[in-house]
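Please read the structure below before turning to the comments.
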Amino acid sequence: MTLERAQWRTVGRSYRIPLPALAAAALGLVTLALGLVFFVVPNDANQGFSQRIFYFHVSIAFTAYACFALGAWKALVHLWKRDPRADLESYVAVHQGLIFGSLVLITGSIWAKISWGHWWIWSEDELVLFLVLYLFYAAYFMLRFSVDPGPQRANLSAVYALFGVVLIPVSFLAIRIASGFIHPEVFTRHGPNFGGWILAGYCVSQVAMLVLAYTLYRVELSGKRLDERLRGLREALA
Amino acid sequence: MTTAETYVTAAYCTVFAVVLVYVVIIALKLTRLEREVDEIEERVEAEPAAEREPAHVG
């Protein structure tokens with residue numbers, strides 16, 4: 001193994017919460033959220049049963065934003081401290097953001113079909129801006145895998161991930177300035193736009209999605225680190 | 001089942017399916033890593049102890 005490659009091999013980070021405990025918490029919270037959504041919360045007065053998509057759709061959207069923000073934060077840590085662990089963490093966070101972003105687009109399209117009668121409307125800013133954010137981060141992988149592993153790839157990826165974070169508030173605010181069809185506003189300036197069991201259902205769903213995303217992040221990170229260590233061992237034995 | 005119920009079920013099933021596919025991909029990756037560890041173990045066991053470089057501790 002060359003010195004440069006050896007320097008860019010990452011070592012594990014110790015976490016306070018063990019992975020099995022996180023996975024169990026994610027399973028419990030998702031089950032509780034599903035129970036609340038389907039058996040406890042009442043139907044919305046305006047949208048009826050179809051509003052139940054929002055418990056997961058909104059939670060998944062905020063989770064995707066959180067993943068992209070984490071990816072940007074880790075990218076900043078990498079550029080700041082030159083910590084190779086932060087590069088891998090940034091990559092995994094962006095990957096998670098893309099998975100949750102795909103779910104936002106799919107669940108949002110399903111809701112749009114029920115409420116608006118269309119799967120997708122190109123004239124709607126909030127839909128197009130989220131798609132722009134999604135495609136921007138999809139291009140992150142094209143950039144990353146077009147450069148050989150090493151400091152250059154890590155630096156380019158970090159700068160790109162950092163720029164993308166600007167699109168998050170733009171995408172979030174687009175829902176407020178939407179003018180054509182009405183995209184429901186879950187949060188207004190005065191707080192959540194609902195209360196009682198609906199608020200409880202949303203809060204549990206949000207926590208469940210965040211814990212699920214963090215669990216998947218940790219699982220993927222462990223796999224990637226193992227992969228790197230094995231590659232290092234292989235090269236050392238060759 | 002009403003149209004709204006069908007669509008809501010489809011949305012939640014999609015979320016479940018995506019997470020399940022992700023778990024399957026991770027499981028496949030773990031299987032590959034396990035196989036690679038086995039290969040490395042076999043190579044280390046096959047190599048005579050004298051040929052191995054001494055490990056530097058500390």
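Chain labels follow the order of the structure tokens: the first chain is A, the next B, and so on; residue numbering restarts at 1 in every chain, and ligands are counted from 1 in their shown order.
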Checklist entry - Hey, what's within 12 Å of region 22-32 of chain B if we count only C-alpha atoms and toss same-chain stuff fewer than 6 positions away? As number ranges by chain, please? => result A: 23, 95-96, 99-100, 212-213, 215-227, 230; B: 15-16, 38-39
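Within 7 Å of chain A, chain B contributes the residues Ala4, Glu5, Tyr7, Val8, Ala11, Val15 and Leu33 of chain B, using only C-alpha atoms.
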Next, write the just-selected residues to a file, as a PDB file, in the first residue's frame, keeping N, CA and C atoms as the atom set.
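New file selection.pdb:
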ATOM      1  N   ALA B   4     -58.580   6.851  -2.060  1.00  0.00           N
ATOM      2  CA  ALA B   4     -57.629   7.483  -1.123  1.00  0.00           C
ATOM      3  C   ALA B   4     -56.907   6.415  -0.302  1.00  0.00           C
ATOM      4  N   GLU B   5     -57.655   5.424   0.169  1.00  0.00           N
ATOM      5  CA  GLU B   5     -57.041   4.352   0.974  1.00  0.00           C
ATOM      6  C   GLU B   5     -56.012   3.572   0.145  1.00  0.00           C
ATOM      7  N   TYR B   7     -54.239   4.693  -2.424  1.00  0.00           N
ATOM      8  CA  TYR B   7     -53.039   5.514  -2.631  1.00  0.00           C
ATOM      9  C   TYR B   7     -52.211   5.643  -1.354  1.00  0.00           C
ATOM     10  N   VAL B   8     -52.876   5.820  -0.223  1.00  0.00           N
ATOM     11  CA  VAL B   8     -52.143   5.937   1.053  1.00  0.00           C
ATOM     12  C   VAL B   8     -51.400   4.633   1.334  1.00  0.00           C
ATOM     13  N   ALA B  11     -48.384   4.442  -0.843  1.00  0.00           N
ATOM     14  CA  ALA B  11     -47.303   5.322  -0.377  1.00  0.00           C
ATOM     15  C   ALA B  11     -46.517   4.660   0.761  1.00  0.00           C
ATOM     16  N   VAL B  15     -42.512   3.147   0.920  1.00  0.00           N
ATOM     17  CA  VAL B  15     -41.495   3.470   1.935  1.00  0.00           C
ATOM     18  C   VAL B  15     -40.917   2.174   2.503  1.00  0.00           C
ATOM     19  N   LEU B  33     -18.373  -9.161   2.189  1.00  0.00           N
ATOM     20  CA  LEU B  33     -17.293  -8.862   3.141  1.00  0.00           C
ATOM     21  C   LEU B  33     -16.891 -10.114   3.928  1.00  0.00           C
TER      22      LEU B  33
END
Item to check | Which of region 16-202 of chain A fall in strand (DSSP E), as a list in words | outcome: Phe187, Thr188, Gly191 and Pro192 of chain A
Selection to disk with C-alpha atoms, as a compact mmCIF listing (two decimals), in the first residue's frame:
# COMPACT_ATOMS: atom_id res chain seq x y z
CA PHE A 187 -45.40 24.76 9.63
CA THR A 188 -46.34 28.44 9.63
CA GLY A 191 -45.80 27.04 14.72
CA PRO A 192 -47.35 23.77 13.53
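Here CA of Leu22 (chain A) is placed at a distance of 20.8 Å from CA of Ala69 (chain A).
Of the listed residues (A:Thr63, A:Asn43, A:Asn155, A:Ser123), A:Asn155 comes nearest to Asp87 (chain A); the distances count only C-alpha atoms.
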Next on the checklist: If DSSP is run on the backbone, what residues of chain B are helix (DSSP H, G or I)? A reply as a count of residues only would be ideal.
Outcome noted: 47
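Computed from the coordinates, the CA of Leu127 (chain A) to CA of Val41 (chain A) distance equals 27.1 Å.
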